Every structure is written in structure tokens, then in C-alpha cells.
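*Asks:* File follows, final-v8.txt with compact mmCIF, C-alpha atoms:
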# COMPACT_ATOMS: atom_id res chain seq x y z
CA MET A 1 96.37 92.31 73.42
CA GLY A 2 96.30 90.86 69.93
CA GLU A 3 94.16 91.69 66.93
CA GLY A 4 91.44 89.42 68.35
CA ARG A 5 90.70 92.28 70.75
CA PHE A 6 88.95 94.02 67.86
CA LEU A 7 86.39 91.23 67.41
CA THR A 8 84.24 92.38 70.33
CA THR A 9 84.30 96.14 70.71
CA ARG A 10 82.18 98.06 73.17
CA TRP A 11 80.11 99.62 70.41
CA SER A 12 79.46 96.35 68.58
CA MET A 13 78.34 94.91 71.92
CA VAL A 14 75.86 97.77 72.32
CA LEU A 15 74.54 97.32 68.79
CA ARG A 16 74.05 93.58 69.13
CA ALA A 17 72.20 94.00 72.40
CA GLY A 18 69.56 96.01 70.54
CA SER A 19 68.39 92.78 68.95
CA THR A 20 65.20 91.23 70.32
CA GLU A 21 67.12 87.96 70.48
CA SER A 22 69.68 89.24 72.96
CA SER A 23 69.63 87.94 76.53
CA GLY A 24 69.27 89.93 79.73
CA VAL A 25 72.95 89.36 80.49
CA GLU A 26 73.93 90.69 77.07
CA ARG A 27 71.77 93.75 77.59
CA GLN A 28 73.33 94.44 80.99
CA ASP A 29 76.83 94.04 79.54
CA ALA A 30 75.86 96.39 76.73
CA ARG A 31 74.52 98.99 79.16
CA GLU A 32 77.81 98.91 81.06
CA ALA A 33 79.72 99.25 77.79
CA LEU A 34 77.51 102.17 76.77
CA GLU A 35 78.08 103.86 80.13
CA ARG A 36 81.84 103.58 79.71
CA LEU A 37 81.65 104.95 76.19
CA ALA A 38 79.41 107.79 77.31
CA GLU A 39 81.84 108.78 80.05
CA SER A 40 84.53 109.10 77.39
CA TYR A 41 82.47 111.32 75.11
CA TRP A 42 80.81 113.90 77.31
CA ILE A 43 83.41 116.61 76.65
CA PRO A 44 82.94 116.59 72.83
CA LEU A 45 79.16 116.66 73.30
CA PHE A 46 79.40 119.43 75.89
CA ALA A 47 81.59 121.36 73.42
CA TYR A 48 78.95 120.92 70.71
CA VAL A 49 76.16 122.20 72.96
CA ARG A 50 78.25 125.20 74.06
CA ARG A 51 78.98 126.10 70.44
CA ARG A 52 75.26 125.97 69.74
CA GLY A 53 75.04 129.02 71.99
CA TYR A 54 73.99 127.57 75.33
CA ALA A 55 75.42 128.97 78.56
CA GLU A 56 77.80 126.79 80.58
CA GLU A 57 75.19 125.78 83.19
CA ASP A 58 72.56 125.03 80.55
CA ALA A 59 75.09 123.01 78.54
CA CYS A 60 75.87 120.92 81.63
CA ASP A 61 72.17 120.23 82.25
CA LEU A 62 71.51 119.38 78.63
CA THR A 63 74.49 117.05 78.34
CA GLN A 64 73.54 115.21 81.53
CA GLY A 65 69.91 115.07 80.45
CA PHE A 66 70.92 113.66 77.10
CA PHE A 67 72.94 110.87 78.71
CA ALA A 68 70.13 110.07 81.15
CA ARG A 69 67.81 109.62 78.18
CA LEU A 70 70.38 107.74 76.12
CA LEU A 71 71.07 105.17 78.83
CA GLU A 72 67.38 104.40 79.20
CA ARG A 73 66.61 104.06 75.50
CA LYS A 74 65.66 100.60 74.32
CA ASP A 75 66.49 101.22 70.67
CA VAL A 76 70.22 101.97 70.76
CA GLY A 77 70.81 98.87 68.70
CA SER A 78 68.72 100.33 65.87
CA ALA A 79 71.67 102.51 64.87
CA SER A 80 72.64 101.60 61.34
CA PRO A 81 75.57 99.15 61.18
CA GLU A 82 76.57 100.89 57.94
CA HIS A 83 77.25 103.97 60.04
CA GLY A 84 78.39 102.13 63.13
CA ARG A 85 80.70 104.77 64.55
CA PHE A 86 79.75 105.63 68.08
CA ARG A 87 80.50 109.33 67.68
CA SER A 88 78.21 109.57 64.62
CA PHE A 89 75.40 107.90 66.54
CA LEU A 90 75.94 110.16 69.56
CA LEU A 91 75.99 113.41 67.60
CA THR A 92 72.83 112.53 65.66
CA ALA A 93 71.08 111.52 68.87
CA LEU A 94 72.16 114.74 70.59
CA LYS A 95 70.88 116.88 67.73
CA ASN A 96 67.51 115.17 67.95
CA TYR A 97 67.49 115.64 71.70
CA LEU A 98 68.16 119.37 71.44
CA ILE A 99 65.43 119.80 68.83
CA ASN A 100 62.82 118.28 71.12
CA SER A 101 62.53 120.97 73.78
CA GLU A 102 59.84 119.15 75.74
CA GLU A 103 62.24 116.30 76.47
CA ARG A 104 64.88 118.52 78.05
CA GLU A 105 63.38 118.84 81.50
CA ARG A 106 61.88 115.36 81.67
CA ALA A 107 65.15 113.63 80.76
CA LEU A 108 66.88 114.50 84.05
CA LYS A 109 63.84 113.34 86.05
CA ARG A 110 63.81 109.97 84.32
CA GLY A 111 67.28 109.40 85.74
CA GLY A 112 65.82 109.51 89.26
CA GLY A 113 67.77 112.68 90.02
CA LYS A 114 71.12 110.89 89.66
CA ALA A 115 73.38 112.26 86.96
CA PRO A 116 74.49 109.35 84.71
CA VAL A 117 77.74 111.10 83.79
CA SER A 118 79.71 113.48 85.97
CA ILE A 119 79.95 116.82 84.18
CA ASP A 120 82.80 119.08 85.28
CA ALA A 121 82.29 122.29 83.33
CA ARG A 122 85.57 123.83 84.48
CA LYS A 123 87.47 120.74 83.34
CA ALA A 124 85.69 120.84 79.99
CA GLU A 125 86.27 124.56 79.45
CA GLY A 126 89.95 124.11 80.32
CA PHE A 127 90.26 121.12 77.99
CA LEU A 128 88.61 123.02 75.12
CA GLY A 129 90.80 126.09 75.51
CA PRO A 130 90.06 129.57 74.08
CA GLU A 131 86.89 130.42 72.25
CA PRO A 132 86.91 128.96 68.70
CA ILE A 133 87.27 131.13 65.65
CA ASP A 134 84.03 132.40 64.14
CA ASN A 135 83.86 129.95 61.22
CA ASP A 136 84.09 126.89 63.47
CA THR A 137 80.76 125.11 63.33
CA PRO A 138 79.41 123.10 66.30
CA GLU A 139 80.16 119.96 64.28
CA ARG A 140 83.80 120.94 63.77
CA ILE A 141 84.14 121.78 67.46
CA PHE A 142 82.70 118.36 68.30
CA GLU A 143 85.07 116.57 65.91
CA ARG A 144 88.13 118.37 67.25
CA ALA A 145 87.16 117.77 70.89
CA TRP A 146 86.48 114.12 70.03
CA ALA A 147 89.93 113.73 68.46
CA ARG A 148 91.70 115.33 71.40
CA SER A 149 89.80 113.22 73.91
CA VAL A 150 90.71 110.02 72.02
CA LEU A 151 94.40 110.97 72.15
CA GLU A 152 94.10 111.75 75.85
CA ARG A 153 92.47 108.41 76.62
CA ALA A 154 95.08 106.53 74.56
CA LEU A 155 97.81 108.30 76.50
CA ALA A 156 96.11 107.34 79.79
CA ARG A 157 96.03 103.71 78.62
CA LEU A 158 99.71 103.89 77.80
CA ARG A 159 100.56 105.39 81.19
CA ARG A 160 98.68 102.55 82.94
CA ASP A 161 100.50 100.06 80.71
CA TYR A 162 103.92 101.35 81.78
CA THR A 163 102.90 101.75 85.43
CA GLU A 164 101.66 98.16 85.62
CA ARG A 165 105.01 96.98 84.26
CA GLY A 166 106.95 99.04 86.81
CA LYS A 167 108.16 101.52 84.17
CA GLU A 168 106.33 104.68 85.20
CA THR A 169 109.59 106.63 85.61
CA LEU A 170 110.61 105.72 82.06
CA PHE A 171 107.21 106.76 80.74
CA GLU A 172 107.32 110.14 82.48
CA ALA A 173 110.85 110.76 81.21
CA LEU A 174 109.96 109.98 77.60
CA SER A 175 106.33 111.15 77.36
CA ASP A 176 107.27 114.51 75.83
CA GLU A 177 108.26 112.52 72.75
CA LEU A 178 104.53 111.82 72.30
CA VAL A 179 102.69 114.94 73.42
CA GLY A 180 104.62 117.62 71.60
CA GLY A 181 106.52 118.97 74.58
CA GLU A 182 110.09 120.18 74.44
CA ALA A 183 111.95 116.91 74.08
CA THR A 184 114.94 116.35 76.32
CA PRO A 185 118.17 115.48 74.44
CA TYR A 186 118.81 111.74 74.36
CA ALA A 187 122.25 112.21 75.90
CA GLN A 188 120.70 113.94 78.92
CA LEU A 189 117.99 111.27 79.25
CA ALA A 190 120.61 108.55 79.05
CA GLU A 191 122.57 110.14 81.88
CA GLU A 192 119.48 110.68 84.05
CA LEU A 193 118.14 107.16 83.57
CA GLY A 194 121.43 105.29 83.50
CA PHE A 195 120.91 104.14 79.90
CA THR A 196 123.03 104.39 76.80
CA GLU A 197 121.84 106.73 74.06
CA GLY A 198 121.15 103.69 71.92
CA ALA A 199 118.94 102.23 74.62
CA ILE A 200 117.01 105.52 74.86
CA LYS A 201 116.36 105.47 71.11
CA VAL A 202 115.02 101.91 71.39
CA ALA A 203 112.85 102.88 74.38
CA VAL A 204 111.37 105.85 72.48
CA HIS A 205 110.66 103.63 69.48
CA ARG A 206 108.86 101.13 71.70
CA LEU A 207 106.94 103.89 73.48
CA ARG A 208 105.65 105.26 70.19
CA ALA A 209 104.73 101.78 68.96
CA ARG A 210 102.79 101.02 72.15
CA TYR A 211 101.07 104.41 71.92
CA ARG A 212 99.93 103.62 68.38
CA LYS A 213 98.61 100.28 69.62
CA HIS A 214 96.62 101.89 72.42
CA LEU A 215 95.32 104.55 70.06
CA ARG A 216 94.03 101.85 67.72
CA LEU A 217 92.42 100.02 70.64
CA GLU A 218 90.72 103.20 71.79
CA VAL A 219 89.34 103.86 68.32
CA ALA A 220 88.36 100.21 67.82
CA ASP A 221 86.05 100.42 70.82
CA THR A 222 83.88 102.93 68.98
CA VAL A 223 83.35 101.34 65.56
CA GLU A 224 81.22 98.36 64.56
CA ASP A 225 83.57 96.97 61.91
CA PRO A 226 87.30 96.53 62.71
CA GLY A 227 87.91 97.51 59.10
CA ASP A 228 86.76 101.03 59.96
CA VAL A 229 89.64 101.66 62.36
CA GLU A 230 91.98 103.11 59.73
CA ASP A 231 89.27 105.40 58.33
CA GLU A 232 88.47 106.59 61.84
CA LEU A 233 92.14 107.29 62.55
CA ARG A 234 92.36 109.36 59.37
CA GLY A 235 89.28 111.27 60.48
CA LEU A 236 90.89 111.87 63.86
CA PHE A 237 94.02 113.45 62.40
CA GLU A 238 91.98 115.46 59.90
CA ALA A 239 89.92 116.84 62.79
CA LEU A 240 93.08 117.86 64.65
CA ALA A 241 94.45 119.57 61.55
CA SER A 242 91.26 121.53 60.79
Translate the structure of the given file into C-alpha cells.
*Replies:*
Amino acid sequence: MGEGRFLTTRWSMVLRAGSTESSGVERQDAREALERLAESYWIPLFAYVRRRGYAEEDACDLTQGFFARLLERKDVGSASPEHGRFRSFLLTALKNYLINSEERERALKRGGGKAPVSIDARKAEGFLGPEPIDNDTPERIFERAWARSVLERALARLRRDYTERGKETLFEALSDELVGGEATPYAQLAEELGFTEGAIKVAVHRLRARYRKHLRLEVADTVEDPGDVEDELRGLFEALAS
């Protein structure tokens, strides 16, 4: 995909559909885009709720209830374009949701009893790892979980990319070069794959370049202005380093 991919991101689609001038088709497309975005962000939001002191079961119910309410809201497009990052909108909306205790029980019912997002608490707890250190605020936990989930989704995009091109074996052999595993010596990889060492170096370079592309695409889906992608990437790496 070229840079034109950034002209219509999922989040900008959602924002535009909040306009009274948008059509029914645009609103339906926006709802589908919002659902896909929501599915990508439930772990960071679950992590935030857990750090606020809620038990695992309560955090699951609250996160599902929040998404049920979010997907039925008619004013999603009122989010400020000046702060058009999806994660900023989500966290603010979640804080408001938690403050309003009367909404907690009604939100799940408004979804007709069907959970809008599948919450797997064990998966989330495993993804988040050990308990955070005492000075980690819920916001910092959210930011770190957001950053890790973006990297995970970019890696999943990359894996699909290589699989669709019949290069899944190459991806699996070289993926440790991306995820911080113990990298296999190039000479050994060359022997296993029937490549020269020079060809392995080129393949690793291309893998990293394609990963960066998919990472940018993943981030671009969640900002209103394509010009915000670099700032968001910096925020991602700052969150991982904190």
C-alpha cells in the first residue's frame, strides 16, 4: 500500500460519520471501523481498569459494558479533531464511564446481552505480565499496554503479508530479528534456508523495512491527521521505555 492509504484511516472515518451530513452508509462503515478499532484496544483498557483496583471479573464486565455503550453512542464524531488520537478518545471516554456508576449495569443490558468485544481475562493477564511496580499509574499502564498491543498487531500484519506471498517459512526463521529473541547466526540461517549469507542480510533488511511499514499503517489507523503518525510513534516508544 502506498502513502495514499493514510488518507482514509479508520479513526478519521469514525469522526466524519459523527457529522449530521453523513449518510447511513457512512455511519454503518464507521460503526464497523469503530468495532475493529475497539477489538484492538480492549487489552489496554482492561489493564487501565485493573490498575484502578477492580477485580479481574469486575474489570471484564466494565470493559465489555464500556464498549457496549461506546458502540451505541451517537456522538463519537464530537471528539475534538485537534486531539484526534483514538487512544486519547478511548481513555477519556472510559474515565467518564467509570465515574458514572449508574451507567455500569445498564450498559451491558443496552447491548441486548451480547458482548460487543470478546474479553479473555486470562489472555489479558498473560499479555500484561507481572504486577506493575507501585509508582505505575493506571495511565502509564494503559500507555504501555497500548504500545505493546500496537507492536503485536503490526507483527501479525507482517506475518499475514509474508504468508500471503508464500514466504511464511522465511518469516518464522527471521522473526527473532524483530521481537528481541536470541537471533540465529546468519551463517546458520543461510545453511538452513539454502541462502547465501548476503541474501540473508538482504532478507532481514527487507523484513525490518516491511515491519516499519506495517507499524506505521497500524498507527495511522488511529489518528485523524496523517501528520500525527510520527508523533504517535514517538509516544509508542516512550511508553515502552517508561
*Asks:* Which is closer to Ala154 (chain A) than all the others in A:Tyr186, A:Phe89, A:Phe142, A:Tyr211, using all atoms listed in the file?
*Replies:* A:Tyr211
*Asks:* Between CA of Phe66 (chain A) and CA of Pro226 (chain A), measure the distance and give it in Å to one decimal.
*Replies:*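 Going from CA of Phe66 (chain A) over to CA of Pro226 (chain A), I get 27.7 Å.
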*Asks:* Could you check which of A:Glu152, A:His205, A:Leu37, A:Ala93 is closest to Leu174 (chain A), using all atoms listed in the file?
*Replies:* A:His205
*Asks:* Suppose you want the space between CA of Gly235 (chain A) and CA of Arg144 (chain A); what is it in Å?
*Replies:*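 Interatomic distance, CA of Gly235 (chain A) to CA of Arg144 (chain A): 9.9 Å.
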*Asks:* Tell me which protein, DNA and RNA residues are within 12 Å of Glu238 (chain A), counting only C-alpha atoms, leaving out same-chain ones fewer than 4 positions away, and put them as a list in words.
*Replies:*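 Counting only the stated atoms, we get Arg140, Glu143, Arg144, Trp146, Ala147, Arg148, Asp231, Glu232, Leu233, Arg234 and Ser242 of chain A.
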*Asks:* Do you have the CA of Ala156 (chain A)-CA of Arg208 (chain A) distance handy?
*Replies:*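 Interatomic distance, CA of Ala156 (chain A) to CA of Arg208 (chain A): 13.7 Å.
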*Asks:* Let me make sure I understand: among A:Ile43, A:Ala38, A:Ala187, A:Ala55, which one has the smallest atom-to-atom distance to Leu90 (chain A) if we use all atoms listed in the file?
*Replies:*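 Between A:Ile43, A:Ala38, A:Ala187, A:Ala55, the residue approaching Leu90 (chain A) most closely is A:Ala38.
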*Asks:* Within 12 Å of Arg210 (chain A), counting all atoms listed in the file, which residues show up once you throw out same-chain ones fewer than 2 positions away? Write them as a list in words, please.
*Replies:* Met1, Ala154, Leu155, Ala156, Arg157, Leu158, Arg159, Arg160, Asp161, Tyr162, Phe171, Ser175, Leu178, Ala203, Val204, His205, Arg206, Leu207, Arg208, Arg212, Lys213, His214, Leu215, Arg216 and Leu217 of chain A
